[in-house]
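Have a look at final-v2.txt below; it lists compact mmCIF, C-alpha atoms.
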# COMPACT_ATOMS: atom_id res chain seq x y z
CA MET A 465 143.27 70.84 88.20
CA PRO A 466 146.45 68.69 88.15
CA ASP A 467 146.24 65.39 90.07
CA PHE A 468 148.20 65.01 93.30
CA MET A 469 150.84 62.53 92.07
CA ALA A 470 151.56 64.60 88.97
CA LEU A 471 151.90 67.65 91.19
CA LEU A 472 154.52 65.98 93.42
CA GLY A 473 156.77 65.28 90.45
CA ASN A 474 156.32 68.56 88.60
CA VAL A 475 159.42 70.77 88.67
CA GLN A 476 157.58 73.85 87.43
CA PHE A 477 155.13 73.62 90.33
CA TRP A 478 157.91 73.51 92.94
CA GLN A 479 159.83 76.34 91.28
CA PHE A 480 156.79 78.58 91.51
CA PHE A 481 155.98 77.27 94.97
CA ALA A 482 159.34 78.75 96.04
CA VAL A 483 158.54 81.99 94.19
CA GLY A 484 155.14 82.13 95.92
CA VAL A 485 156.67 81.61 99.37
CA LEU A 486 159.25 84.35 98.84
CA ALA A 487 156.84 86.77 97.16
CA GLN A 488 154.14 86.43 99.81
CA LEU A 489 156.64 86.68 102.67
CA VAL A 490 157.93 89.94 101.21
CA ASP A 491 154.44 91.21 100.42
CA GLY A 492 153.15 90.44 103.88
CA ALA A 493 156.02 92.31 105.50
CA LEU A 494 156.34 95.30 103.13
CA GLY A 495 152.84 95.68 101.72
CA MET A 496 154.27 95.10 98.23
CA GLY A 497 156.17 92.53 96.23
CA TYR A 498 153.94 89.55 95.41
CA GLY A 499 152.74 90.81 92.04
CA VAL A 500 156.04 92.44 91.08
CA ILE A 501 158.17 89.39 91.89
CA SER A 502 155.76 86.86 90.36
CA SER A 503 155.23 88.95 87.23
CA THR A 504 158.92 89.57 86.60
CA VAL A 505 159.65 85.85 86.87
CA LEU A 506 156.84 84.92 84.45
CA LEU A 507 157.76 87.67 81.99
CA SER A 508 161.40 86.55 82.07
CA LEU A 509 160.18 83.13 80.92
CA GLY A 510 158.51 84.69 77.87
CA VAL A 511 154.90 84.57 79.08
CA PRO A 512 152.73 87.25 77.34
CA PRO A 513 151.73 90.24 79.54
CA ALA A 514 148.00 89.46 79.59
CA ASN A 515 148.67 85.84 80.57
CA VAL A 516 151.09 87.04 83.27
CA SER A 517 148.50 89.35 84.80
CA ALA A 518 145.73 86.72 84.59
CA SER A 519 147.93 84.06 86.20
CA VAL A 520 149.29 86.26 88.98
CA HIS A 521 145.88 87.68 89.89
CA ALA A 522 144.27 84.24 89.91
CA ALA A 523 146.88 83.24 92.49
CA LYS A 524 146.38 86.51 94.39
CA VAL A 525 142.70 85.74 94.97
CA PHE A 526 143.69 82.83 97.20
CA THR A 527 146.81 84.25 98.81
CA GLY A 528 145.14 87.64 99.23
CA ALA A 529 142.26 86.11 101.16
CA ALA A 530 144.66 84.39 103.57
CA SER A 531 146.81 87.51 103.94
CA ALA A 532 143.77 89.71 104.54
CA GLY A 533 142.54 87.38 107.27
CA SER A 534 145.92 87.56 108.98
CA HIS A 535 146.04 91.36 108.92
CA VAL A 536 142.47 91.58 110.23
CA PHE A 537 143.39 89.18 113.05
CA TYR A 538 146.41 91.30 114.03
CA LYS A 539 144.31 94.50 113.81
CA ASN A 540 146.46 96.02 111.05
CA VAL A 541 143.46 97.30 109.04
CA SER A 542 141.87 100.76 108.86
CA TRP A 543 138.28 99.99 107.84
CA ARG A 544 137.43 103.41 106.41
CA LEU A 545 140.60 103.40 104.31
CA LEU A 546 139.90 99.82 103.23
CA VAL A 547 136.49 100.73 101.79
CA PHE A 548 137.75 103.62 99.65
CA LEU A 549 140.89 101.81 98.46
CA SER A 550 138.88 98.71 97.55
CA VAL A 551 136.21 100.61 95.61
CA GLY A 552 138.83 102.63 93.74
CA GLY A 553 140.97 99.54 93.18
CA ILE A 554 138.06 97.63 91.65
CA VAL A 555 137.34 100.45 89.18
CA GLY A 556 141.01 100.81 88.20
CA ALA A 557 141.52 97.04 87.97
CA LEU A 558 138.60 96.55 85.58
CA ALA A 559 139.80 99.44 83.39
CA GLY A 560 143.35 98.08 83.32
CA THR A 561 142.15 94.56 82.49
CA TYR A 562 140.09 95.89 79.57
CA LEU A 563 143.12 97.74 78.20
CA LEU A 564 145.41 94.75 78.62
CA THR A 565 143.03 92.43 76.76
CA SER A 566 142.48 94.99 73.97
CA VAL A 567 146.10 95.59 72.95
CA ASP A 568 148.68 93.31 71.38
CA GLY A 569 150.80 91.94 74.22
CA ASN A 570 154.04 92.57 72.34
CA LYS A 571 153.26 96.30 72.25
CA LEU A 572 152.79 96.37 76.02
CA LYS A 573 155.77 94.24 76.98
CA GLY A 574 158.31 97.08 76.76
CA PRO A 575 156.30 99.56 78.86
CA ILE A 576 155.51 96.85 81.42
CA ILE A 577 159.18 95.90 81.77
CA ILE A 578 160.00 99.59 82.29
CA TRP A 579 157.16 99.89 84.81
CA LEU A 580 158.37 96.92 86.84
CA GLY A 581 161.92 98.28 86.73
CA ILE A 582 160.66 101.60 88.11
CA MET A 583 158.82 99.72 90.86
CA GLY A 584 162.09 97.99 91.76
CA LEU A 585 163.90 101.35 91.93
CA ILE A 586 161.16 102.76 94.16
CA ILE A 587 161.60 99.80 96.51
CA LEU A 588 165.37 100.39 96.55
CA TRP A 589 164.78 104.09 97.25
CA ARG A 590 162.72 103.16 100.28
CA ALA A 591 165.52 100.89 101.53
CA TRP A 592 168.15 103.59 100.99
CA LYS A 593 166.16 106.37 102.67
CA GLN A 594 165.39 104.10 105.65
CA THR A 595 163.47 106.88 107.35
CA ARG A 596 159.89 107.57 106.35
CA PRO A 597 159.44 110.04 103.46
CA LYS A 598 158.25 113.62 103.86
CA VAL A 599 154.59 113.71 104.76
CA ILE A 600 152.32 114.87 101.92
CA PRO A 601 148.61 115.07 102.81
CA LEU A 602 146.32 112.74 100.82
CA ALA A 603 143.13 114.51 99.75
CA HIS A 604 141.14 111.28 99.35
CA PRO A 605 142.12 107.58 99.09
CA LEU A 606 139.65 106.75 96.28
CA PRO A 607 141.78 108.09 93.35
CA LEU A 608 144.81 106.35 94.84
CA GLY A 609 142.90 103.07 94.72
CA VAL A 610 141.94 103.69 91.07
CA ALA A 611 145.56 104.37 90.08
CA GLY A 612 146.89 101.39 92.04
CA GLY A 613 144.27 99.01 90.61
CA PHE A 614 144.90 100.16 87.04
CA PHE A 615 148.68 99.79 87.15
CA ASP A 616 148.40 96.50 89.03
CA ALA A 617 146.15 95.01 86.33
CA VAL A 618 148.24 96.27 83.41
CA GLY A 619 151.64 95.44 84.89
CA GLY A 620 150.76 92.32 86.86
CA GLY A 621 152.19 94.11 89.90
CA GLY A 622 152.07 97.64 91.21
CA TRP A 623 149.27 97.81 93.75
CA GLY A 624 151.62 97.65 96.73
CA PRO A 625 154.39 99.92 95.41
CA VAL A 626 151.85 102.58 94.37
CA VAL A 627 149.43 102.40 97.28
CA THR A 628 151.64 101.46 100.24
CA SER A 629 154.38 103.97 99.33
CA THR A 630 151.82 106.76 98.90
CA LEU A 631 150.10 105.98 102.19
CA LEU A 632 153.44 106.01 104.02
CA GLY A 633 154.21 109.33 102.36
CA THR A 634 151.00 110.81 103.73
CA GLY A 635 151.95 109.90 107.28
CA GLU A 636 149.75 106.81 107.62
CA ASP A 637 150.80 104.42 110.38
CA PRO A 638 153.07 101.79 108.70
CA ARG A 639 151.19 98.83 110.16
CA LYS A 640 147.84 100.21 109.00
CA ALA A 641 149.22 101.17 105.59
CA ILE A 642 150.65 97.70 104.94
CA GLY A 643 147.75 95.77 106.47
CA THR A 644 145.03 97.78 104.74
CA THR A 645 146.81 97.69 101.36
CA ASN A 646 147.22 93.91 101.60
CA THR A 647 143.58 93.43 102.56
CA ALA A 648 142.26 95.65 99.76
CA GLU A 649 144.46 93.78 97.28
CA PHE A 650 142.18 90.76 97.60
CA PHE A 651 139.30 92.73 96.07
CA VAL A 652 141.56 94.08 93.33
CA ALA A 653 142.76 90.57 92.43
CA LEU A 654 139.20 89.29 92.41
CA SER A 655 138.16 92.12 90.07
CA VAL A 656 141.05 91.52 87.66
CA SER A 657 140.28 87.78 87.55
CA PHE A 658 136.60 88.56 86.93
CA GLY A 659 137.59 90.97 84.16
CA PHE A 660 139.71 88.33 82.42
CA LEU A 661 136.90 85.77 82.77
CA VAL A 662 134.37 88.17 81.20
CA ALA A 663 136.84 88.94 78.39
CA ILE A 664 137.17 85.23 77.59
CA VAL A 665 133.41 84.51 77.80
CA THR A 666 132.52 87.47 75.57
CA GLY A 667 135.26 86.72 73.06
CA HIS A 668 137.05 89.99 73.78
CA TRP A 669 140.20 87.98 74.61
CA ASP A 670 140.95 84.37 73.69
CA GLY A 671 143.20 83.55 76.64
CA THR A 672 145.52 81.52 74.41
CA GLY A 673 148.30 79.86 76.40
CA LEU A 674 146.71 80.16 79.84
CA ASP A 675 146.57 76.38 80.11
CA LYS A 676 150.38 76.35 80.00
CA GLN A 677 150.47 78.38 83.23
CA ILE A 678 148.40 75.93 85.29
CA TRP A 679 151.44 74.63 87.19
CA SER A 680 152.82 78.13 87.70
CA VAL A 681 149.52 79.34 89.15
CA ALA A 682 149.17 76.24 91.34
CA GLY A 683 152.69 76.76 92.68
CA LEU A 684 152.14 80.47 93.34
CA ILE A 685 148.90 79.71 95.18
CA ALA A 686 150.36 76.92 97.30
CA GLY A 687 153.54 78.83 98.16
CA GLY A 688 151.65 82.01 98.94
CA ILE A 689 149.09 80.27 101.14
CA VAL A 690 151.90 78.74 103.23
CA THR A 691 153.23 82.17 104.25
CA ALA A 692 150.12 84.38 103.84
CA PRO A 693 148.62 83.48 107.26
CA ILE A 694 151.67 84.97 108.99
CA ALA A 695 151.54 88.20 106.97
CA GLY A 696 150.31 90.23 109.93
CA TRP A 697 153.02 88.82 112.17
CA THR A 698 155.86 89.40 109.65
CA THR A 699 154.88 93.06 109.40
CA LYS A 700 155.93 93.40 113.04
CA VAL A 701 159.06 91.26 113.30
CA LEU A 702 161.07 91.01 110.05
CA PRO A 703 164.12 93.28 109.41
CA LEU A 704 162.29 95.40 106.85
CA ARG A 705 165.25 97.39 105.55
CA SER A 706 167.29 94.31 104.62
CA LEU A 707 164.26 92.67 103.07
CA THR A 708 163.46 95.83 101.10
CA TRP A 709 167.00 95.95 99.69
CA ALA A 710 166.79 92.30 98.68
CA VAL A 711 163.48 92.52 96.85
CA GLY A 712 164.41 95.81 95.18
CA ILE A 713 167.65 94.37 93.80
CA LEU A 714 165.84 91.21 92.67
CA VAL A 715 163.15 93.12 90.79
CA VAL A 716 165.60 95.52 89.11
CA VAL A 717 167.88 92.66 88.00
CA LEU A 718 164.96 90.64 86.63
CA ALA A 719 163.51 93.68 84.84
CA GLY A 720 166.94 94.45 83.37
CA TRP A 721 167.29 90.88 82.14
CA GLN A 722 163.84 91.01 80.55
CA GLY A 723 164.74 94.27 78.83
CA TYR A 724 167.94 92.74 77.46
CA VAL A 725 166.09 89.67 76.16
CA ALA A 726 163.29 91.77 74.65
CA PHE A 727 165.36 94.50 73.01
CA ALA A 728 168.87 93.11 72.43
CA PRO A 729 169.81 92.86 68.70
CA ARG A 730 169.20 89.38 67.32
Entire entry expressed as structure tokens:
Amino acid sequence: MPDFMALLGNVQFWQFFAVGVLAQLVDGALGMGYGVISSTVLLSLGVPPANVSASVHAAKVFTGAASAGSHVFYKNVSWRLLVFLSVGGIVGALAGTYLLTSVDGNKLKGPIIIWLGIMGLIILWRAWKQTRPKVIPLAHPLPLGVAGGFFDAVGGGGWGPVVTSTLLGTGEDPRKAIGTTNTAEFFVALSVSFGFLVAIVTGHWDGTGLDKQIWSVAGLIAGGIVTAPIAGWTTKVLPLRSLTWAVGILVVVLAGWQGYVAFAPR
């Protein structure tokens, strides 16, 4: 881990500290955003998809724990829903991690950019609609957890947009939907990090370049931990529609820029 004096003078650390603060503030209030924002920033800097997911989820383990504690404290968690989402999320996360470490990152970069762009559009749609979407009954939360965990692992972000949006669409209380999704995300992040660790130990994935993200991860962790403890409080007080517009625009613009960089004629 970087020493303290080196940390104070490292620009990359402070840049990602700011990203972590913003991403966790949004995530705590909306139930989505940390992974999407962090991943789009890292991808826009040319970091390979597998390294992006590994870095973001390593940070999420720490910020997720703090956020979960806050939501539990403010009683924003449905315990039955938490169990099923967490179990499903773990299964999906491990499957997504295996896929991500099995395929050439360049082949996945295009689909992941498209995926993050779609997530940004979904967030904008929520801001535009303002009112809650038409209620569609959810048969069981377990498959939702599997889908959310899989897309979160592969795309480096997607748990919140998939799970929170679906729960709100089923008529779940917004506070419970956001709080439970944030709390379950800790277990998903832990599973993805474990999956990457196993892949490295077994030789399934070499993890080349992860050492270059040490400052990014440290900044994301520190910035996220600063705002994660107030996640439960922000769910109640922040102007959610304005915040939703802001993060949606940010994600779409970043995804568009990544697409231009990745696919523009050389």
Quiz item: Which residues, written as number ranges by chain, have at least one atom at most 7 Å from range 651-664 of chain A, with all atoms listed in the file counted and residues fewer than 2 positions away on the same chain left out?
Solution: A: 518, 521-522, 524-525, 550, 553-554, 557-558, 561, 613, 617, 648-649, 666-671
Practice problem: Please measure the separation of CA of Gly620 in chain A and CA of Ala591 in chain A, giving the value in Å to one decimal. | Solution: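 Spanning CA of Gly620 in chain A to CA of Ala591 in chain A is a straight-line distance of 22.5 Å.
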Practice problem: Go through A:Ile685, A:Val547, A:Ile587, A:Ala482 and flag the residue nearest Val505 in chain A, using all atoms listed in the file for the distances. | Solution: A:Ala482
Self-check item: CA of Asp675 in chain A to CA of Ala692 in chain A, distance in Å rounded to a single decimal
Solution: 25.3 Å
Tell me which protein, DNA and RNA residues are within 8 Å of Ala514 in chain A, counting only C-alpha atoms, leaving out same-chain ones fewer than 3 positions away, and put them as a PDB file with C-alpha atoms, in the frame of the given file.
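That gives us out-v6.pdb:
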ATOM      1  CA  SER A 517     148.500  89.350  84.800  1.00  0.00           C
ATOM      2  CA  ALA A 518     145.730  86.720  84.590  1.00  0.00           C
ATOM      3  CA  LEU A 564     145.410  94.750  78.620  1.00  0.00           C
ATOM      4  CA  THR A 565     143.030  92.430  76.760  1.00  0.00           C
ATOM      5  CA  GLY A 569     150.800  91.940  74.220  1.00  0.00           C
ATOM      6  CA  VAL A 618     148.240  96.270  83.410  1.00  0.00           C
TER       7      VAL A 618
END
Quiz prompt | Contact residues around Trp543 in chain A with only C-alpha atoms at 12 Å, ignoring same-chain residues under 3 positions, as a list in words | solution = His535, Val536, Lys539, Asn540, Leu546, Val547, Phe548, Leu549, Ser550, Lys640, Ala641, Gly643, Thr644, Thr645, Thr647 and Ala648 of chain A
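Atom pair CA of Leu507 in chain A / CA of Thr691 in chain A: separated by 23.4 Å.
Nearest-residue note for Tyr724 in chain A: choosing from A:Met496, A:Gly574, A:Pro703, A:Val520, the minimum distance belongs to A:Gly574, counting all atoms listed in the file.
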Fewer than 2 positions away in the same chain doesn't count, so skip those; otherwise give me all residues within 12 Å of range 630-635 of chain A, counting all atoms listed in the file, as a PDB file with C-alpha atoms, in the frame of the given file.
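See selection.pdb below for the written result:
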ATOM      1  CA  LEU A 494     156.340  95.300 103.130  1.00  0.00           C
ATOM      2  CA  GLY A 495     152.840  95.680 101.720  1.00  0.00           C
ATOM      3  CA  MET A 496     154.270  95.100  98.230  1.00  0.00           C
ATOM      4  CA  SER A 542     141.870 100.760 108.860  1.00  0.00           C
ATOM      5  CA  LEU A 545     140.600 103.400 104.310  1.00  0.00           C
ATOM      6  CA  LEU A 546     139.900  99.820 103.230  1.00  0.00           C
ATOM      7  CA  LEU A 549     140.890 101.810  98.460  1.00  0.00           C
ATOM      8  CA  ILE A 586     161.160 102.760  94.160  1.00  0.00           C
ATOM      9  CA  ARG A 590     162.720 103.160 100.280  1.00  0.00           C
ATOM     10  CA  THR A 595     163.470 106.880 107.350  1.00  0.00           C
ATOM     11  CA  ARG A 596     159.890 107.570 106.350  1.00  0.00           C
ATOM     12  CA  PRO A 597     159.440 110.040 103.460  1.00  0.00           C
ATOM     13  CA  LYS A 598     158.250 113.620 103.860  1.00  0.00           C
ATOM     14  CA  VAL A 599     154.590 113.710 104.760  1.00  0.00           C
ATOM     15  CA  ILE A 600     152.320 114.870 101.920  1.00  0.00           C
ATOM     16  CA  PRO A 601     148.610 115.070 102.810  1.00  0.00           C
ATOM     17  CA  LEU A 602     146.320 112.740 100.820  1.00  0.00           C
ATOM     18  CA  ALA A 603     143.130 114.510  99.750  1.00  0.00           C
ATOM     19  CA  HIS A 604     141.140 111.280  99.350  1.00  0.00           C
ATOM     20  CA  PRO A 605     142.120 107.580  99.090  1.00  0.00           C
ATOM     21  CA  PRO A 607     141.780 108.090  93.350  1.00  0.00           C
ATOM     22  CA  LEU A 608     144.810 106.350  94.840  1.00  0.00           C
ATOM     23  CA  GLY A 609     142.900 103.070  94.720  1.00  0.00           C
ATOM     24  CA  ALA A 611     145.560 104.370  90.080  1.00  0.00           C
ATOM     25  CA  GLY A 612     146.890 101.390  92.040  1.00  0.00           C
ATOM     26  CA  GLY A 622     152.070  97.640  91.210  1.00  0.00           C
ATOM     27  CA  TRP A 623     149.270  97.810  93.750  1.00  0.00           C
ATOM     28  CA  GLY A 624     151.620  97.650  96.730  1.00  0.00           C
ATOM     29  CA  PRO A 625     154.390  99.920  95.410  1.00  0.00           C
ATOM     30  CA  VAL A 626     151.850 102.580  94.370  1.00  0.00           C
ATOM     31  CA  VAL A 627     149.430 102.400  97.280  1.00  0.00           C
ATOM     32  CA  THR A 628     151.640 101.460 100.240  1.00  0.00           C
ATOM     33  CA  ASP A 637     150.800 104.420 110.380  1.00  0.00           C
ATOM     34  CA  PRO A 638     153.070 101.790 108.700  1.00  0.00           C
ATOM     35  CA  ARG A 639     151.190  98.830 110.160  1.00  0.00           C
ATOM     36  CA  LYS A 640     147.840 100.210 109.000  1.00  0.00           C
ATOM     37  CA  ALA A 641     149.220 101.170 105.590  1.00  0.00           C
ATOM     38  CA  ILE A 642     150.650  97.700 104.940  1.00  0.00           C
ATOM     39  CA  GLY A 643     147.750  95.770 106.470  1.00  0.00           C
ATOM     40  CA  THR A 644     145.030  97.780 104.740  1.00  0.00           C
ATOM     41  CA  THR A 645     146.810  97.690 101.360  1.00  0.00           C
TER      42      THR A 645
END
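Between Trp709 in chain A and the residues A:Leu606, A:Leu585, A:Ile501, A:Leu674, the shortest atom-to-atom distance, using only C-alpha atoms, involves A:Leu585.
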